[in-house]
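Dumped target.txt below, it's compact mmCIF, C-alpha atoms and all ligand atoms:
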# COMPACT_ATOMS: atom_id res chain seq x y z
CA MET A 986 -205.96 9.70 188.71
CA LEU A 987 -208.61 12.08 187.46
CA ALA A 988 -209.45 13.10 191.00
CA LYS A 989 -206.00 14.66 191.25
CA PHE A 990 -207.07 17.34 188.81
CA GLY A 991 -209.97 18.50 190.96
CA ALA A 992 -212.38 20.45 188.78
CA LEU A 993 -211.10 18.58 185.72
CA ALA A 994 -212.87 15.47 186.97
CA LYS A 995 -216.08 17.05 185.70
CA ALA A 996 -216.83 17.69 182.04
CA TYR A 997 -217.83 21.34 181.79
CA THR A 998 -219.06 23.09 178.69
CA VAL A 999 -216.76 25.39 176.73
CA ALA A 1000 -218.65 28.40 178.17
CA GLU A 1001 -218.31 27.12 181.74
CA LEU A 1002 -214.55 26.59 181.31
CA ASP A 1003 -214.28 30.07 179.82
CA SER A 1004 -216.05 31.55 182.82
CA GLN A 1005 -213.33 30.10 185.10
CA ILE A 1006 -210.52 32.20 183.60
CA GLU A 1007 -210.63 34.85 186.31
CA THR A 1008 -210.69 32.26 189.09
CA ARG A 1009 -207.15 30.98 188.34
CA PRO A 1010 -203.73 32.41 189.33
CA PHE A 1011 -202.35 31.54 185.86
CA ARG A 1012 -203.46 31.24 182.25
CA ARG A 1013 -204.15 27.71 181.03
CA GLY A 1014 -202.29 28.26 177.77
CA ALA A 1015 -199.03 29.48 179.34
CA GLY A 1016 -196.29 26.99 180.10
CA THR A 1017 -195.78 25.10 183.32
CA LEU A 1018 -192.59 27.05 184.06
CA PHE A 1019 -194.73 30.19 184.18
CA ALA A 1020 -197.44 28.73 186.42
CA VAL A 1021 -197.68 28.42 190.15
CA GLY A 1022 -197.89 24.75 191.06
CA ALA A 1023 -195.48 23.74 188.35
CA SER A 1024 -196.56 20.11 188.18
CA THR A 1025 -200.01 20.94 186.82
CA PRO A 1026 -200.10 19.19 183.46
CA PHE A 1027 -203.21 20.87 182.13
CA GLY A 1028 -202.95 24.28 183.71
CA LYS A 1029 -205.17 23.31 186.61
CA ARG A 1030 -204.02 24.04 190.09
CA ILE A 1031 -203.56 20.93 192.22
CA ALA A 1032 -204.62 21.12 195.86
CA GLY A 1033 -201.59 21.05 198.12
CA GLU A 1034 -199.23 22.56 195.53
CA PRO A 1035 -197.36 25.69 196.65
CA ASP A 1036 -198.95 29.13 196.23
CA THR A 1037 -195.69 30.69 195.11
CA MET A 1038 -193.03 29.82 192.57
CA ARG A 1039 -190.33 27.34 193.49
CA ARG A 1040 -186.69 28.09 192.69
CA LEU A 1041 -185.40 26.22 189.65
CA ALA A 1042 -182.06 24.43 189.82
CA PRO A 1043 -179.39 26.15 187.71
CA MET A 1044 -178.58 24.61 184.34
CA PRO A 1045 -175.05 23.48 183.45
CA PRO A 1046 -173.11 25.86 181.14
CA LYS A 1047 -173.59 23.68 178.03
CA PRO A 1048 -176.94 22.03 178.64
CA THR A 1049 -177.93 18.89 176.79
CA LEU A 1050 -181.42 17.60 176.05
CA LEU A 1051 -181.12 15.19 178.99
CA ASP A 1052 -180.18 18.12 181.27
CA PHE A 1053 -183.44 19.78 180.26
CA PHE A 1054 -185.36 16.59 180.99
CA ARG A 1055 -183.71 16.37 184.41
CA LEU A 1056 -183.88 20.02 185.45
CA ARG A 1057 -186.78 21.65 183.56
CA PHE A 1058 -189.18 19.14 182.02
CA ALA A 1059 -189.22 16.78 185.04
CA PRO A 1060 -191.09 14.74 185.96
CA ALA A 1061 -192.15 14.53 182.27
CA THR A 1062 -194.00 11.35 183.21
CA HIS A 1063 -196.39 11.61 180.28
CA VAL A 1064 -193.79 11.84 177.50
CA LEU A 1065 -191.48 9.28 179.11
CA GLN A 1066 -194.29 6.76 179.44
CA SER A 1067 -195.45 7.51 175.88
CA ALA A 1068 -191.94 6.99 174.48
CA ASP A 1069 -191.55 3.83 176.53
CA LYS A 1070 -194.81 2.51 175.10
CA ALA A 1071 -193.57 3.18 171.56
CA LEU A 1072 -190.24 1.53 172.37
CA THR A 1073 -191.93 -1.55 173.82
CA ALA A 1074 -194.14 -1.78 170.74
CA GLY A 1075 -191.01 -1.89 168.57
CA MET A 1076 -191.63 1.44 166.86
CA PRO A 1077 -188.83 2.96 164.74
CA GLU A 1078 -186.49 5.30 166.60
CA GLU A 1079 -187.95 8.39 164.90
CA ILE A 1080 -191.35 7.54 166.38
CA VAL A 1081 -189.88 6.86 169.81
CA ILE A 1082 -188.08 10.21 169.91
CA ALA A 1083 -191.13 12.03 168.54
CA CYS A 1084 -193.13 10.53 171.42
CA LEU A 1085 -190.39 11.52 173.86
CA LEU A 1086 -190.43 15.13 172.66
CA HIS A 1087 -194.04 15.63 171.61
CA ASP A 1088 -195.31 17.57 174.63
CA VAL A 1089 -192.25 18.93 176.40
CA ALA A 1090 -192.66 22.37 174.82
CA GLN A 1091 -195.55 22.69 177.27
CA ALA A 1092 -192.92 23.78 179.79
CA LEU A 1093 -192.68 26.92 177.66
CA MET A 1094 -196.17 27.18 176.15
CA LYS A 1095 -199.22 24.96 176.17
CA ALA A 1096 -201.38 26.76 173.62
CA ASP A 1097 -200.55 25.36 170.18
CA HIS A 1098 -197.91 23.17 171.79
CA GLY A 1099 -197.56 21.04 168.63
CA TRP A 1100 -196.30 24.02 166.66
CA TRP A 1101 -194.17 25.36 169.52
CA GLY A 1102 -192.65 21.92 170.05
CA ALA A 1103 -191.92 21.40 166.37
CA GLN A 1104 -190.21 24.79 166.20
CA LEU A 1105 -188.20 24.14 169.36
CA PHE A 1106 -186.80 20.88 168.00
CA GLU A 1107 -186.65 21.57 164.26
CA PRO A 1108 -182.90 22.39 164.10
CA TYR A 1109 -181.99 19.22 165.96
CA VAL A 1110 -184.19 16.39 164.65
CA SER A 1111 -185.23 15.02 161.26
CA GLU A 1112 -187.99 16.63 159.20
CA LYS A 1113 -190.17 13.62 159.85
CA VAL A 1114 -189.83 13.92 163.63
CA THR A 1115 -190.60 17.65 163.39
CA PHE A 1116 -193.68 16.85 161.32
CA ALA A 1117 -194.91 14.25 163.81
CA ILE A 1118 -194.53 16.65 166.73
CA ARG A 1119 -196.25 19.52 164.89
CA TYR A 1120 -199.28 17.58 163.68
CA HIS A 1121 -199.94 15.30 166.63
CA GLN A 1122 -201.74 18.26 168.25
CA ALA A 1123 -204.35 18.51 165.49
CA LEU A 1124 -204.67 14.73 165.02
CA ARG A 1125 -205.63 14.30 168.66
CA PHE A 1126 -209.07 15.75 167.88
CA PHE A 1127 -209.82 13.41 164.96
CA PRO A 1128 -210.47 9.67 165.33
CA ASP A 1129 -208.96 7.13 162.99
CA HIS A 1130 -210.95 3.97 163.64
CA ALA A 1131 -208.86 1.97 161.16
CA VAL A 1132 -205.84 2.19 163.46
CA GLY A 1133 -207.79 2.19 166.72
CA TYR A 1134 -207.53 5.87 167.61
CA GLU A 1135 -210.61 7.42 169.25
CA TYR A 1136 -211.31 10.95 170.51
CA PRO A 1137 -209.76 11.14 174.02
CA ALA A 1138 -212.37 11.18 176.81
CA MET A 1139 -209.97 13.46 178.69
CA TYR A 1140 -210.49 16.15 176.04
CA ASN A 1141 -214.10 16.53 177.18
CA LEU A 1142 -212.64 17.60 180.53
CA ILE A 1143 -209.84 19.77 179.19
CA PHE A 1144 -211.62 21.57 176.34
CA GLY A 1145 -215.28 21.21 177.32
CA LYS A 1146 -217.72 18.47 176.42
CA ASP A 1147 -219.18 20.51 173.52
CA TYR A 1148 -215.83 21.65 172.12
CA VAL A 1149 -215.39 21.96 168.37
CA PRO A 1150 -211.80 22.44 167.13
CA PRO A 1151 -211.25 25.75 165.30
CA PRO A 1152 -210.87 25.82 161.49
CA TYR A 1153 -207.04 26.06 161.56
CA ILE A 1154 -206.86 22.81 163.53
CA GLU A 1155 -209.19 21.11 161.08
CA ALA A 1156 -207.12 22.44 158.17
CA ALA A 1157 -203.93 21.12 159.80
CA TYR A 1158 -205.63 17.74 160.22
CA GLU A 1159 -206.71 17.65 156.56
CA TYR A 1160 -203.21 18.56 155.42
CA CYS A 1161 -201.63 15.92 157.63
CA ARG A 1162 -204.19 13.25 156.70
CA ASN A 1163 -203.05 13.43 153.08
CA HIS A 1164 -199.34 13.66 153.81
CA LYS A 1165 -196.86 10.81 153.33
CA TRP A 1166 -195.86 11.13 156.99
CA TYR A 1167 -199.42 10.98 158.33
CA MET A 1168 -198.75 7.74 160.18
CA ALA A 1169 -195.71 9.21 161.96
CA ALA A 1170 -197.90 11.89 163.52
CA ARG A 1171 -200.70 9.36 164.06
CA GLN A 1172 -198.28 7.04 165.88
CA VAL A 1173 -197.56 9.84 168.34
CA THR A 1174 -201.28 10.09 169.11
CA LEU A 1175 -201.55 6.30 169.39
CA ASN A 1176 -198.77 6.23 171.99
CA ASP A 1177 -200.00 9.44 173.66
CA LEU A 1178 -200.88 8.08 177.06
CA TYR A 1179 -203.32 9.77 179.34
CA SER A 1180 -203.12 6.91 181.78
CA PHE A 1181 -200.39 8.32 183.96
CA ASP A 1182 -199.23 5.43 186.08
CA PRO A 1183 -197.34 6.89 189.05
CA ASN A 1184 -195.62 3.55 189.62
CA HIS A 1185 -194.29 3.31 186.08
CA VAL A 1186 -191.14 5.39 186.45
CA VAL A 1187 -189.10 5.75 183.28
CA ASP A 1188 -185.61 7.20 183.58
CA PRO A 1189 -184.90 9.61 180.67
CA ALA A 1190 -181.42 8.05 180.51
CA LYS A 1191 -183.11 4.98 179.02
CA PHE A 1192 -183.32 6.95 175.77
CA THR A 1193 -179.67 8.11 175.76
CA ASP A 1194 -178.68 6.08 172.70
CA ILE A 1195 -181.83 6.96 170.74
CA ILE A 1196 -181.27 10.64 171.53
CA GLY A 1197 -177.64 10.27 170.49
CA ARG A 1198 -178.64 8.90 167.09
CA ASN A 1199 -181.65 11.15 166.45
CA PHE A 1200 -180.95 14.48 168.17
CA LYS A 1201 -178.13 16.75 166.99
CA GLN A 1202 -176.92 18.05 170.33
CA PRO A 1203 -175.12 21.38 169.72
CA LYS A 1204 -171.62 21.38 171.21
CA GLU A 1205 -172.16 24.88 172.66
CA GLY A 1206 -175.20 23.63 174.58
CA LEU A 1207 -178.89 24.19 173.87
CA GLY A 1208 -179.52 27.92 174.06
CA PHE A 1209 -176.00 28.94 173.05
CA ASP A 1210 -175.63 27.65 169.49
CA ASN A 1211 -177.04 30.75 167.74
CA SER A 1212 -179.79 28.63 166.21
CA PRO A 1213 -183.08 30.39 165.37
CA VAL A 1214 -184.61 28.83 168.50
CA ALA A 1215 -181.71 29.30 170.95
CA HIS A 1216 -183.65 32.01 172.79
CA MET A 1217 -186.48 29.55 173.43
CA TRP A 1218 -184.09 27.17 175.18
CA ARG A 1219 -182.60 30.07 177.18
CA THR A 1220 -186.09 31.10 178.27
CA ILE A 1221 -186.74 27.58 179.52
CA SER A 1222 -183.35 27.67 181.30
CA THR A 1223 -183.99 30.99 183.03
CA PRO A 1224 -187.69 31.90 183.10
CA ASP A 1225 -187.12 34.20 186.11
CA VAL A 1226 -185.01 36.82 184.32
CA PRO A 1227 -187.03 40.08 184.25
CA LEU A 1228 -186.30 41.24 180.68
FE FE B 1301 -199.77 16.90 172.79
FE FE B 1302 -199.24 13.94 174.80
Take the structure in this file and express it as structure tokens.
Ligand SMILES: [Fe+2]
Ligand SMILES: [Fe+2]
Amino acid sequence: MLAKFGALAKAYTVAELDSQIETRPFRRGAGTLFAVGASTPFGKRIAGEPDTMRRLAPMPPKPTLLDFFRLRFAPATHVLQSADKALTAGMPEEIVIACLLHDVAQALMKADHGWWGAQLFEPYVSEKVTFAIRYHQALRFFPDHAVGYEYPAMYNLIFGKDYVPPPYIEAAYEYCRNHKWYMAARQVTLNDLYSFDPNHVVDPAKFTDIIGRNFKQPKEGLGFDNSPVAHMWRTISTPDVPL
């Protein structure tokens, strides 16, 4: 699978990755909806992907979370497989939905996606789910041998083999490590699959009941409920509007 990501198959240094910024048609930190070759999970262009934007299907007037999975986050293979792993392992529903949602904000923004994701979902999920989404990002950099979590080899490719997380990430880790919900965030990292199996197709509809019990779907539709994050959902709905 690594070969699919071309240059990502090699572990560069932080400086080498930095030197590649002006060789790309997009910024690595911006969301997939803003990048050419919209299926690039790590901001890397995949050979054979189109050179220009593709038209997005219109959203229904009162979009639900599942509509976003179908029309904006798709294929969302990574989060669907992660949630399915948590479900198969018999994790509580809050963990399963945290796994399902933990990276989808990357459609909008990849830099600091834990914080963006937590903010995007905060009005609609429990505090614990919000916490798990927010802190999984920082926990990814820090092993916890007691529960079998090691530093992801993939991070040597994504961030550079000599990468050191910045102080705010370390501070977030320290805060989370001592929090009563540490294991909720840790469970997201434990189910955070980087083994994308193209043959393991998980239909988002599989999680309909869990979403129904753990996600407060606004009756006006996501983006139209006047919540503090409604504009974020509208931006995901219509990223082509000029202003
Ligand atoms: Fe993540
Ligand atoms: Fe992830």
Q: Measure the distance from atom CA of Thr1073 of chain A to atom CA of Asp1097 of chain A in Å and round it to one decimal.
A: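 Here the two named atoms are 28.5 Å from each other.
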Extending 5 Å beyond the listed atoms of segment 1071-1076 of chain A on each side, what axis-aligned box results? I want centre and edge lengths in Å to one decimal, as JSON.
{"center_x": -192.2, "center_y": 0.6, "center_z": 170.3, "size_x": 13.9, "size_y": 15.1, "size_z": 17.0}
Using only C-alpha atoms and all ligand atoms, find each residue in chain A having at least one atom no more than 7 Å away from ligand FE 1302 (chain B); report its shortest atom-to-atom pair and that distance in Å (one decimal), rows by chain then rising number, as CSV.
residue,atom,partner,partner_atom,distance
A:His1063,CA,B:FE1302,FE,6.6
A:Val1064,CA,B:FE1302,FE,6.4
A:His1087,CA,B:FE1302,FE,6.3
A:Asp1088,CA,B:FE1302,FE,5.4
A:Asp1177,CA,B:FE1302,FE,4.7
A:Leu1178,CA,B:FE1302,FE,6.5
Enumerate residues in contact with ligand FE 1301 (chain B): an atom-to-atom distance of at most 9 Å, counting all atoms listed in the file. Format the result as a tab-separated table (two decimals) with C-alpha atoms, in the coordinates of the input.
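Ended up saving to result.tsv:
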chain	number	residue	atom	x	y	z
A	1087	HIS	CA	-194.04	15.63	171.61
A	1088	ASP	CA	-195.31	17.57	174.63
A	1089	VAL	CA	-192.25	18.93	176.40
A	1091	GLN	CA	-195.55	22.69	177.27
A	1095	LYS	CA	-199.22	24.96	176.17
A	1097	ASP	CA	-200.55	25.36	170.18
A	1098	HIS	CA	-197.91	23.17	171.79
A	1099	GLY	CA	-197.56	21.04	168.63
A	1118	ILE	CA	-194.53	16.65	166.73
A	1121	HIS	CA	-199.94	15.30	166.63
A	1122	GLN	CA	-201.74	18.26	168.25
A	1123	ALA	CA	-204.35	18.51	165.49
A	1125	ARG	CA	-205.63	14.30	168.66
A	1173	VAL	CA	-197.56	9.84	168.34
A	1174	THR	CA	-201.28	10.09	169.11
A	1177	ASP	CA	-200.00	9.44	173.66
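Atom pair atom CA of Ser1111 of chain A / atom CA of Arg1198 of chain A has a distance of 10.7 Å (rounded to one decimal).
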Q: Work out how far atom CA of Val1187 of chain A is from atom CA of Thr1062 of chain A, in Å to one decimal.
A: 7.4 Å
Q: Would you mind listing what lies within 12 Å of Met1168 of chain A as a list in words, with all atoms listed in the file counted and same-chain residues fewer than 6 positions away left out?
A: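 Skipping anything fewer than 6 positions along the chain leaves Met1076, Pro1077, Glu1079, Ile1080, Lys1113, Val1114, Phe1116, Ala1117, Ile1118, Tyr1120, His1121, Leu1124, Asp1129, Ala1131, Val1132, Tyr1134, Cys1161, Arg1162, Thr1174, Leu1175 and Asn1176 of chain A.
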**Q.** Nearest-residue call for Ala1096 of chain A, choices A:Phe1127, A:Trp1218, A:Phe1054, A:Phe1144, using all atoms listed in the file
**A.**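 Closest to Ala1096 of chain A of all the choices is A:Phe1144.
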Q: Would you list the contacts of segment 1038-1052 of chain A as a PyMOL selection string, taking every protein, DNA or RNA residue within 9 Å and counting all atoms listed in the file, but skipping same-chain residues closer than 5 positions in sequence?
A: chain A and resi 1018-1023+1057+1189-1190+1193+1196+1200+1202-1209+1222-1225
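Nearest residue to Lys1201 of chain A, choosing from A:Ala994, A:Arg1219, A:Ala1170, A:Tyr1109 and counting all atoms listed in the file: A:Tyr1109.
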Q.
Applying 10 Å and all atoms listed in the file, which residues near Leu1072 of chain A remain after dropping the ones on its own chain fewer than 5 positions away? List them as an MDAnalysis selection string.
A. chainID A and resid 1066:1067 1077:1078 1080:1082 1084 1176 1192
